[in-house]
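Structure file query-v2.cif (mmCIF, C-alpha atoms) is printed below.
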```
data_query
loop_
_atom_site.group_PDB
_atom_site.id
_atom_site.type_symbol
_atom_site.label_atom_id
_atom_site.label_comp_id
_atom_site.auth_asym_id
_atom_site.auth_seq_id
_atom_site.Cartn_x
_atom_site.Cartn_y
_atom_site.Cartn_z
ATOM 1 C CA MET S 16 -3.225 -11.250 6.811
ATOM 2 C CA LYS S 17 -0.560 -11.573 4.128
ATOM 3 C CA LYS S 18 -0.873 -15.333 3.777
ATOM 4 C CA LEU S 19 -3.213 -15.327 0.820
ATOM 5 C CA PRO S 20 -1.311 -12.810 -1.351
ATOM 6 C CA VAL S 21 1.930 -14.685 -0.688
ATOM 7 C CA LEU S 22 0.253 -17.979 -1.551
ATOM 8 C CA LEU S 23 -1.088 -16.392 -4.695
ATOM 9 C CA LEU S 24 2.333 -15.114 -5.709
ATOM 10 C CA LEU S 25 3.854 -18.532 -5.196
ATOM 11 C CA LEU S 26 1.091 -20.217 -7.184
ATOM 12 C CA LEU S 27 1.435 -17.767 -10.032
ATOM 13 C CA SER S 28 5.209 -18.128 -10.190
ATOM 14 C CA ASN S 29 4.587 -21.875 -10.388
ATOM 15 C CA VAL S 30 2.492 -21.291 -13.492
ATOM 16 C CA THR S 31 5.398 -19.560 -15.219
ATOM 17 C CA CYS S 32 7.773 -22.369 -14.237
ATOM 18 C CA PHE S 33 5.608 -24.920 -15.987
ATOM 19 C CA ALA S 34 5.282 -22.792 -19.051
ATOM 20 C CA GLN S 35 9.049 -22.669 -19.485
ATOM 21 C CA ASP S 36 9.196 -26.442 -19.938
ATOM 22 C CA SER S 37 8.365 -26.045 -23.604
ATOM 23 C CA ALA S 38 11.203 -25.451 -26.024
ATOM 24 C CA SER S 39 10.053 -21.884 -26.705
ATOM 25 C CA PRO S 40 11.969 -18.928 -25.213
ATOM 26 C CA ALA S 41 11.187 -17.504 -21.775
ATOM 27 C CA MET S 42 9.014 -14.796 -23.297
ATOM 28 C CA ALA S 43 6.366 -17.303 -24.283
ATOM 29 C CA ASP S 44 5.090 -18.312 -20.834
ATOM 30 C CA VAL S 45 1.525 -17.789 -19.681
ATOM 31 C CA MET S 46 2.142 -14.595 -17.722
ATOM 32 C CA ARG S 47 3.962 -13.024 -20.643
ATOM 33 C CA SER S 48 1.439 -14.038 -23.301
ATOM 34 C CA ASP S 49 -0.948 -11.517 -24.867
ATOM 35 C CA GLY S 50 1.268 -8.540 -24.083
ATOM 36 C CA MET S 51 1.660 -9.580 -20.405
ATOM 37 C CA ILE S 52 -1.984 -8.760 -19.681
ATOM 38 C CA TYR S 53 -2.022 -11.549 -17.045
ATOM 39 C CA VAL S 54 0.376 -9.515 -14.920
ATOM 40 C CA VAL S 55 -2.325 -6.842 -14.725
ATOM 41 C CA ILE S 56 -4.898 -9.511 -13.852
ATOM 42 C CA ALA S 57 -2.580 -10.856 -11.144
ATOM 43 C CA THR S 58 -2.253 -7.324 -9.727
ATOM 44 C CA ILE S 59 -6.039 -6.902 -9.629
ATOM 45 C CA VAL S 60 -6.374 -10.313 -7.954
ATOM 46 C CA ILE S 61 -3.766 -9.318 -5.346
ATOM 47 C CA ILE S 62 -5.647 -6.114 -4.529
ATOM 48 C CA PHE S 63 -9.012 -7.871 -4.433
ATOM 49 C CA ALA S 64 -7.706 -10.687 -2.220
ATOM 50 C CA GLY S 65 -5.974 -8.211 0.077
ATOM 51 C CA LEU S 66 -9.081 -6.061 0.417
ATOM 52 C CA SER S 67 -11.277 -9.102 1.069
ATOM 53 C CA ILE S 68 -9.027 -10.378 3.838
ATOM 54 C CA TYR S 69 -8.762 -6.922 5.368
ATOM 55 C CA LEU S 70 -12.508 -6.259 5.305
ATOM 56 C CA PHE S 71 -13.220 -9.710 6.770
ATOM 57 C CA SER S 72 -10.791 -8.986 9.613
ATOM 58 C CA ILE S 73 -12.632 -5.714 10.311
ATOM 59 C CA ASP S 74 -15.915 -7.627 10.188
ATOM 60 C CA ARG S 75 -14.609 -10.136 12.713
ATOM 61 C CA ARG S 76 -13.555 -7.330 15.053
ATOM 62 C CA LEU S 77 -16.992 -5.713 14.796
ATOM 63 C CA ARG S 78 -18.734 -9.029 15.447
ATOM 64 C CA LYS S 79 -16.711 -9.458 18.635
ATOM 65 C CA ILE S 80 -17.994 -6.105 19.888
ATOM 66 C CA GLU S 81 -21.570 -6.935 18.899
ATOM 67 C CA LYS S 82 -21.414 -10.192 20.873
ATOM 68 C CA GLU S 83 -20.123 -8.454 23.985
ATOM 69 C CA LYS S 84 -23.147 -6.171 24.158
ATOM 70 C CA MET N 25 -9.563 2.362 -23.188
ATOM 71 C CA GLY N 26 -6.380 2.410 -25.214
ATOM 72 C CA VAL N 27 -2.922 2.698 -23.704
ATOM 73 C CA PRO N 28 0.409 3.618 -25.294
ATOM 74 C CA ALA N 29 2.140 0.573 -26.787
ATOM 75 C CA LEU N 30 5.628 0.444 -25.288
ATOM 76 C CA PRO N 31 8.399 -2.166 -25.241
ATOM 77 C CA ILE N 32 9.121 -4.036 -21.974
ATOM 78 C CA LEU N 33 5.932 -2.669 -20.379
ATOM 79 C CA HIS N 34 3.439 -3.960 -22.968
ATOM 80 C CA GLU N 35 0.008 -4.287 -21.359
ATOM 81 C CA THR N 36 1.443 -4.046 -17.840
ATOM 82 C CA ILE N 37 1.325 -0.273 -18.273
ATOM 83 C CA ARG N 38 -2.274 -0.751 -17.082
ATOM 84 C CA ASN N 39 -0.835 -1.669 -13.679
ATOM 85 C CA THR N 40 -0.400 2.090 -13.246
ATOM 86 C CA TYR N 41 -4.147 2.239 -12.563
ATOM 87 C CA PHE N 42 -3.792 -0.143 -9.611
ATOM 88 C CA HIS N 43 -0.264 0.065 -8.230
ATOM 89 C CA VAL N 44 0.125 3.853 -8.056
ATOM 90 C CA PRO N 45 -3.299 4.635 -6.450
ATOM 91 C CA MET N 46 -2.381 2.248 -3.590
ATOM 92 C CA TRP N 47 0.476 4.590 -2.710
ATOM 93 C CA ILE N 48 -1.636 7.708 -3.162
ATOM 94 C CA ALA N 49 -4.269 6.215 -0.848
ATOM 95 C CA MET N 50 -1.517 5.397 1.646
ATOM 96 C CA PHE N 51 -0.155 8.960 1.540
ATOM 97 C CA THR N 52 -3.677 10.309 2.091
ATOM 98 C CA VAL N 53 -4.381 8.298 5.238
ATOM 99 C CA PHE N 54 -0.861 8.797 6.608
ATOM 100 C CA THR N 55 -1.308 12.550 6.137
ATOM 101 C CA ILE N 56 -4.624 12.415 8.008
ATOM 102 C CA SER N 57 -2.890 10.381 10.697
ATOM 103 C CA VAL N 58 -0.191 13.031 11.154
ATOM 104 C CA ILE N 59 -2.728 15.880 11.208
ATOM 105 C CA TYR N 60 -4.653 14.168 13.987
ATOM 106 C CA SER N 61 -1.472 13.344 15.877
ATOM 107 C CA ILE N 62 -0.661 17.061 15.882
ATOM 108 C CA ARG N 63 -4.221 17.931 16.867
ATOM 109 C CA TYR N 64 -4.044 15.368 19.665
ATOM 110 C CA LEU N 65 -0.902 16.948 21.057
ATOM 111 C CA ALA N 66 -2.511 20.384 20.794
ATOM 112 C CA THR N 67 -5.848 19.524 22.398
ATOM 113 C CA GLY N 68 -5.375 16.248 24.279
ATOM 114 C CA LYS N 69 -8.656 14.862 22.948
ATOM 115 C CA GLU N 70 -8.547 11.058 23.015
ATOM 116 C CA GLU N 71 -10.680 10.782 19.872
ATOM 117 C CA TYR N 72 -7.955 12.445 17.804
ATOM 118 C CA ASP N 73 -5.476 9.849 19.001
ATOM 119 C CA LEU N 74 -7.838 7.067 17.901
ATOM 120 C CA ILE N 75 -8.265 8.657 14.456
ATOM 121 C CA ALA N 76 -4.478 8.914 14.101
ATOM 122 C CA VAL N 77 -3.974 5.252 14.995
ATOM 123 C CA GLU N 78 -6.631 3.845 12.735
ATOM 124 C CA SER N 79 -5.545 6.034 9.814
ATOM 125 C CA ALA N 80 -2.009 4.743 10.269
ATOM 126 C CA ASN N 81 -3.274 1.149 10.405
ATOM 127 C CA THR N 82 -5.201 1.638 7.170
ATOM 128 C CA GLY N 83 -2.100 3.243 5.640
ATOM 129 C CA ILE N 84 0.005 0.208 6.561
ATOM 130 C CA PHE N 85 -2.510 -2.015 4.776
ATOM 131 C CA PHE N 86 -2.270 0.033 1.578
ATOM 132 C CA PHE N 87 1.500 0.056 1.995
ATOM 133 C CA VAL N 88 1.476 -3.761 1.884
ATOM 134 C CA LEU N 89 -0.771 -3.776 -1.187
ATOM 135 C CA GLY N 90 1.489 -1.227 -2.889
ATOM 136 C CA LEU N 91 4.596 -3.276 -2.163
ATOM 137 C CA ILE N 92 3.100 -6.589 -3.327
ATOM 138 C CA THR N 93 1.578 -5.164 -6.523
ATOM 139 C CA GLY N 94 4.908 -3.424 -7.175
ATOM 140 C CA MET N 95 6.794 -6.697 -6.711
ATOM 141 C CA MET N 96 4.415 -8.438 -9.091
ATOM 142 C CA TRP N 97 4.971 -5.742 -11.684
ATOM 143 C CA ALA N 98 8.735 -5.743 -11.108
ATOM 144 C CA LYS N 99 8.957 -9.492 -11.731
ATOM 145 C CA TYR N 100 7.800 -9.055 -15.317
ATOM 146 C CA THR N 101 9.448 -5.760 -16.189
ATOM 147 C CA TRP N 102 12.644 -5.698 -14.097
ATOM 148 C CA GLY N 103 13.123 -9.475 -13.989
ATOM 149 C CA GLU N 104 12.950 -10.048 -10.236
ATOM 150 C CA TYR N 105 10.340 -9.612 -7.515
ATOM 151 C CA TRP N 106 12.954 -7.866 -5.428
ATOM 152 C CA SER N 107 16.050 -6.513 -7.143
ATOM 153 C CA ASN N 108 17.293 -4.366 -4.229
ATOM 154 C CA ASP N 109 16.365 -1.287 -6.187
ATOM 155 C CA PRO N 110 16.748 1.969 -4.168
ATOM 156 C CA LYS N 111 13.003 2.595 -4.443
ATOM 157 C CA GLN N 112 12.150 -0.892 -3.204
ATOM 158 C CA ASN N 113 14.673 -0.841 -0.388
ATOM 159 C CA SER N 114 13.696 2.556 0.954
ATOM 160 C CA ALA N 115 10.015 1.638 0.680
ATOM 161 C CA ALA N 116 10.802 -1.445 2.780
ATOM 162 C CA ILE N 117 12.593 0.716 5.369
ATOM 163 C CA ALA N 118 9.624 3.100 5.475
ATOM 164 C CA PHE N 119 7.373 0.066 5.973
ATOM 165 C CA LEU N 120 9.451 -1.023 8.964
ATOM 166 C CA LEU N 121 9.232 2.547 10.265
ATOM 167 C CA TYR N 122 5.437 2.283 10.416
ATOM 168 C CA CYS N 123 5.542 -1.275 11.749
ATOM 169 C CA ALA N 124 7.684 0.136 14.557
ATOM 170 C CA TYR N 125 4.925 2.694 15.143
ATOM 171 C CA SER N 126 2.345 0.037 15.865
ATOM 172 C CA VAL N 127 4.800 -2.044 17.900
ATOM 173 C CA LEU N 128 5.702 1.025 19.968
ATOM 174 C CA ARG N 129 2.038 1.803 20.527
ATOM 175 C CA ASN N 130 1.058 -1.696 21.519
ATOM 176 C CA SER N 131 3.972 -1.991 23.927
ATOM 177 C CA MET N 132 2.576 0.650 26.291
ATOM 178 C CA ASP N 133 -0.355 0.211 28.636
ATOM 179 C CA GLU N 134 -0.865 3.632 30.083
ATOM 180 C CA GLU N 135 -3.288 5.401 27.750
ATOM 181 C CA GLN N 136 -2.161 9.020 27.851
ATOM 182 C CA LYS N 137 1.527 8.192 27.727
ATOM 183 C CA ARG N 138 0.918 5.803 24.842
ATOM 184 C CA ALA N 139 -1.090 8.388 22.916
ATOM 185 C CA LYS N 140 1.500 11.116 23.424
ATOM 186 C CA ILE N 141 4.585 9.070 22.577
ATOM 187 C CA SER N 142 2.993 7.479 19.522
ATOM 188 C CA ALA N 143 1.771 10.886 18.317
ATOM 189 C CA ILE N 144 5.294 12.300 18.558
ATOM 190 C CA TYR N 145 6.747 9.216 16.867
ATOM 191 C CA ASN N 146 4.164 9.569 14.091
ATOM 192 C CA ILE N 147 5.078 13.211 13.499
ATOM 193 C CA PHE N 148 8.732 12.216 13.083
ATOM 194 C CA ALA N 149 8.017 9.091 11.041
ATOM 195 C CA PHE N 150 5.891 10.871 8.438
ATOM 196 C CA PRO N 151 8.539 13.212 6.943
ATOM 197 C CA ILE N 152 11.130 10.425 7.080
ATOM 198 C CA MET N 153 8.722 8.185 5.162
ATOM 199 C CA ILE N 154 8.208 10.909 2.540
ATOM 200 C CA VAL N 155 11.969 11.396 2.187
ATOM 201 C CA LEU N 156 12.590 7.654 1.947
ATOM 202 C CA ILE N 157 9.953 7.018 -0.691
ATOM 203 C CA MET N 158 9.841 10.247 -2.677
ATOM 204 C CA VAL N 159 13.228 11.951 -2.285
ATOM 205 C CA LEU N 160 16.129 9.555 -1.684
ATOM 206 C CA PRO N 161 15.395 7.148 -4.586
ATOM 207 C CA ARG N 162 15.241 10.124 -6.933
ATOM 208 C CA LEU N 163 18.769 11.163 -6.025
ATOM 209 C CA THR N 164 20.287 7.927 -7.279
ATOM 210 C CA ASP N 165 19.795 5.608 -10.224
ATOM 211 C CA SER N 166 16.760 3.409 -9.954
ATOM 212 C CA LEU N 167 14.745 1.096 -12.152
ATOM 213 C CA HIS N 168 11.579 2.771 -10.938
ATOM 214 C CA PRO N 169 10.202 5.494 -13.240
ATOM 215 C CA GLY N 170 10.735 9.016 -12.020
ATOM 216 C CA ASN N 171 14.104 8.287 -10.422
ATOM 217 C CA GLY N 172 17.700 9.098 -11.266
ATOM 218 C CA GLY N 173 18.275 9.682 -14.950
ATOM 219 C CA ASN N 174 15.033 7.843 -15.550
ATOM 220 C CA PRO N 175 12.339 10.287 -16.600
ATOM 221 C CA ALA N 176 9.032 10.153 -14.761
ATOM 222 C CA PHE N 177 6.263 7.939 -15.998
ATOM 223 C CA GLY N 178 4.103 10.909 -16.787
ATOM 224 C CA LYS N 179 6.352 12.550 -19.346
ATOM 225 C CA LEU N 180 7.294 9.818 -21.772
ATOM 226 C CA ASP N 181 5.149 6.797 -21.062
ATOM 227 C CA MET N 182 1.709 8.120 -20.262
ATOM 228 C CA ASP N 183 -0.727 9.983 -22.423
ATOM 229 C CA ASN N 184 -3.971 11.827 -21.737
ATOM 230 C CA ARG N 185 -6.084 8.713 -22.295
ATOM 231 C CA MET N 186 -4.420 7.218 -19.237
ATOM 232 C CA ARG N 187 -4.717 10.352 -17.146
ATOM 233 C CA VAL N 188 -8.494 10.291 -17.601
ATOM 234 C CA VAL N 189 -8.513 6.986 -15.726
ATOM 235 C CA LEU N 190 -5.567 7.503 -13.400
ATOM 236 C CA TYR N 191 -6.482 10.769 -11.675
ATOM 237 C CA PRO N 192 -10.062 9.758 -10.803
ATOM 238 C CA ALA N 193 -8.554 6.477 -9.537
ATOM 239 C CA PHE N 194 -6.270 8.488 -7.220
ATOM 240 C CA ILE N 195 -9.261 10.321 -5.768
ATOM 241 C CA ALA N 196 -11.434 7.210 -5.548
ATOM 242 C CA TRP N 197 -8.833 5.053 -3.799
ATOM 243 C CA SER N 198 -7.954 7.892 -1.434
ATOM 244 C CA LEU N 199 -11.599 8.297 -0.460
ATOM 245 C CA PHE N 200 -11.901 4.527 -0.136
ATOM 246 C CA ALA N 201 -8.935 4.483 2.250
ATOM 247 C CA VAL N 202 -10.444 7.321 4.279
ATOM 248 C CA TRP N 203 -13.741 5.426 4.440
ATOM 249 C CA VAL N 204 -12.018 2.256 5.685
ATOM 250 C CA ALA N 205 -10.137 4.359 8.245
ATOM 251 C CA THR N 206 -13.379 5.937 9.531
ATOM 252 C CA ILE N 207 -14.989 2.487 9.894
ATOM 253 C CA ARG N 208 -11.984 1.300 11.879
ATOM 254 C CA TYR N 209 -12.098 4.493 13.951
ATOM 255 C CA ARG N 210 -15.793 4.012 14.769
ATOM 256 C CA ILE N 211 -15.149 0.452 15.912
ATOM 257 C CA ARG N 212 -12.174 1.619 17.966
ATOM 258 C CA LEU N 213 -14.270 4.369 19.532
ATOM 259 C CA ILE N 214 -16.910 1.866 20.681
ATOM 260 C CA GLU N 215 -14.173 -0.341 22.148
ATOM 261 C CA TYR N 216 -12.652 2.668 23.850
ATOM 262 C CA LYS N 217 -15.901 3.851 25.404
ATOM 263 C CA LYS N 218 -16.665 0.355 26.606
ATOM 264 C CA ASN N 219 -13.300 0.083 28.329
ATOM 265 C CA GLU N 220 -13.877 3.453 29.937
ATOM 266 C CA ILE N 221 -17.120 2.324 31.563
ATOM 267 C CA ASN N 222 -15.707 -0.948 32.878
#
```
Structure rendered as structure tokens:
Amino acid sequence: MKKLPVLLLLLLSNVTCFAQDSASPAMADVMRSDGMIYVVIATIVIIFAGLSIYLFSIDRRLRKIEKEK
Amino acid sequence: MGVPALPILHETIRNTYFHVPMWIAMFTVFTISVIYSIRYLATGKEEYDLIAVESANTGIFFFVLGLITGMMWAKYTWGEYWSNDPKQNSAAIAFLLYCAYSVLRNSMDEEQKRAKISAIYNIFAFPIMIVLIMVLPRLTDSLHPGNGGNPAFGKLDMDNRMRVVLYPAFIAWSLFAVWVATIRYRIRLIEYKKNEIN
């Protein structure tokens, strides 16, 4: 259930790690660019991914009942 | 729509529209869960027990979303995903409290006993959860807005442009959570009736 959000978090933190390779200060990484708007996007992605996984799990449960009939 | 330009927060102030409604939605379904736990104890109707369980399950899901979105936000405003802030820690304890609810429930086979014990547990867990999330962090210093000497988000950081979006979002996400809970309840009811026949 929580696999995808965790994976996403890890991937996104990877992005920031790469961005810090440049000589610029820590504030200049991808997630912090454009007034940190990507943090908001990441939050929306987390919610969307979480909802998708949750709804698919409900769908799977319903399908099991439908098959039993 | 415009938002107040503030240091540290920058555009992440828009996270208010997503992070906070998760918690409001969670409170809504947990409240429904407790109401039906009480009604179950009063009437003994099995359906009420099923509503209570599925509302709590939906609440746990929104709890997880609230925690993860909060951690994401914290990383870029507080510096760490998890900085052992009082708000974060007590939210984690409250999460375990509700995990214990579903563990307790699933550990019992006898239906009536299970329904009764989990209803009583739920009635105790709910006020403790409220105290852990809403009261205790406010008594100490916390990074989270609205706690300690830290004025609430509403007073200094938000303006009416944001409220126009935020309050409908509270209602919408709450109704969404209730809808998900009713779908889960309907599935659970079919499962329950099927088991009864067999």
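What the PyMOL selection byres ((chain N) within 9 of (chain S)) matches in the given file is Leu33, His34, Glu35, Thr36, Ile37, Arg38, Asn39, Phe42, His43, Phe85, Val88, Leu89, Gly90, Ile92, Thr93, Gly94, Met96, Trp97, Tyr100, Val204, Ile207, Arg208, Ile211, Ile214 and Glu215 of chain N.
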Worksheet item: Interatomic distance between CA of Phe71 (chain S) and CA of Leu19 (chain S)?
Response: 12.9 Å
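CA of Asp165 (chain N) sits 26.9 Å away from CA of Thr52 (chain N).
Between CA of Ile32 (chain N) and CA of Val189 (chain N) the separation is 21.7 Å.
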Item to complete: Would you kindly translate the PyMOL selection byres ((chain N and resi 84) around 10) into the concrete residues it picks from this file, as a PyMOL selection string?
Response: chain N and resi 50+53-54+78-83+85-90+119-120+122-123+126
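Close contacts of region 59-65 of chain N, defined as residues with an atom at most 9 Å away when counting all atoms listed in the file, with chain neighbours fewer than 2 positions off set aside, comprise Phe54, Thr55, Ile56, Ser57, Thr67, Gly68, Lys69, Glu70, Glu71, Tyr72, Asp73, Leu74, Ile75, Ala76, Val77, Ala139, Lys140, Ser142, Ala143, Ile144, Asn146 and Ile147 of chain N.
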Fill in: Long-range neighbours of Ile157 (chain N) as a ChimeraX atom specification, 9 Å cut-off, all atoms listed in the file, 5 positions minimum in chain
/N:111-112,114-115,118,152,162
Give the centre and edge lengths of an axis-aligned box, in Å to one decimal, that holds all listed atoms of region 109-125 of chain N with 4 Å on each side, as JSON.
```
{"center_x": 10.8, "center_y": 0.8, "center_z": 4.5, "size_x": 19.8, "size_y": 12.5, "size_z": 29.3}
```
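Selection around (-9.5, 8.7, -4.8) with radius 10 Å, counting only C-alpha atoms, yields the residues Pro45, Met46, Ile48, Ala49, Thr52, Leu190, Tyr191, Pro192, Ala193, Phe194, Ile195, Ala196, Trp197, Ser198, Leu199, Phe200, Ala201 and Val202 of chain N.
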Region 53-71 of chain S written out with N, CA and C atoms as a short mmCIF file (atom, residue, chain, number, x, y, z; two decimals), in the first residue's frame:
```cif
data_model
loop_
_atom_site.label_atom_id
_atom_site.label_comp_id
_atom_site.auth_asym_id
_atom_site.auth_seq_id
_atom_site.Cartn_x
_atom_site.Cartn_y
_atom_site.Cartn_z
N TYR S 53 7.78 22.89 -6.80
CA TYR S 53 7.83 21.44 -7.04
C TYR S 53 7.49 20.64 -5.80
N VAL S 54 7.65 21.28 -4.63
CA VAL S 54 7.25 20.60 -3.39
C VAL S 54 5.72 20.41 -3.39
N VAL S 55 5.02 21.44 -3.88
CA VAL S 55 3.56 21.34 -3.97
C VAL S 55 3.18 20.26 -4.98
N ILE S 56 3.91 20.23 -6.11
CA ILE S 56 3.63 19.20 -7.13
C ILE S 56 3.88 17.82 -6.54
N ALA S 57 4.98 17.67 -5.80
CA ALA S 57 5.28 16.38 -5.17
C ALA S 57 4.15 15.97 -4.23
N THR S 58 3.62 16.95 -3.48
CA THR S 58 2.52 16.64 -2.54
C THR S 58 1.29 16.15 -3.30
N ILE S 59 0.97 16.84 -4.43
CA ILE S 59 -0.19 16.43 -5.22
C ILE S 59 0.03 15.02 -5.77
N VAL S 60 1.27 14.76 -6.23
CA VAL S 60 1.59 13.43 -6.77
C VAL S 60 1.43 12.36 -5.68
N ILE S 61 1.88 12.68 -4.46
CA ILE S 61 1.75 11.72 -3.36
C ILE S 61 0.28 11.39 -3.13
N ILE S 62 -0.56 12.43 -3.07
CA ILE S 62 -1.98 12.21 -2.82
C ILE S 62 -2.61 11.41 -3.95
N PHE S 63 -2.27 11.78 -5.19
CA PHE S 63 -2.84 11.09 -6.34
C PHE S 63 -2.41 9.62 -6.36
N ALA S 64 -1.12 9.38 -6.13
CA ALA S 64 -0.62 8.00 -6.13
C ALA S 64 -1.28 7.21 -5.01
N GLY S 65 -1.37 7.82 -3.83
CA GLY S 65 -1.99 7.14 -2.69
C GLY S 65 -3.43 6.78 -2.98
N LEU S 66 -4.18 7.74 -3.51
CA LEU S 66 -5.59 7.50 -3.83
C LEU S 66 -5.73 6.41 -4.87
N SER S 67 -4.88 6.43 -5.91
CA SER S 67 -4.95 5.43 -6.96
C SER S 67 -4.76 4.04 -6.38
N ILE S 68 -3.70 3.89 -5.58
CA ILE S 68 -3.41 2.57 -5.00
C ILE S 68 -4.58 2.11 -4.14
N TYR S 69 -5.11 3.04 -3.34
CA TYR S 69 -6.19 2.70 -2.42
C TYR S 69 -7.44 2.27 -3.19
N LEU S 70 -7.79 3.05 -4.22
CA LEU S 70 -9.00 2.73 -4.99
C LEU S 70 -8.82 1.42 -5.74
N PHE S 71 -7.59 1.15 -6.24
CA PHE S 71 -7.37 -0.12 -6.93
C PHE S 71 -7.49 -1.29 -5.96
#
```
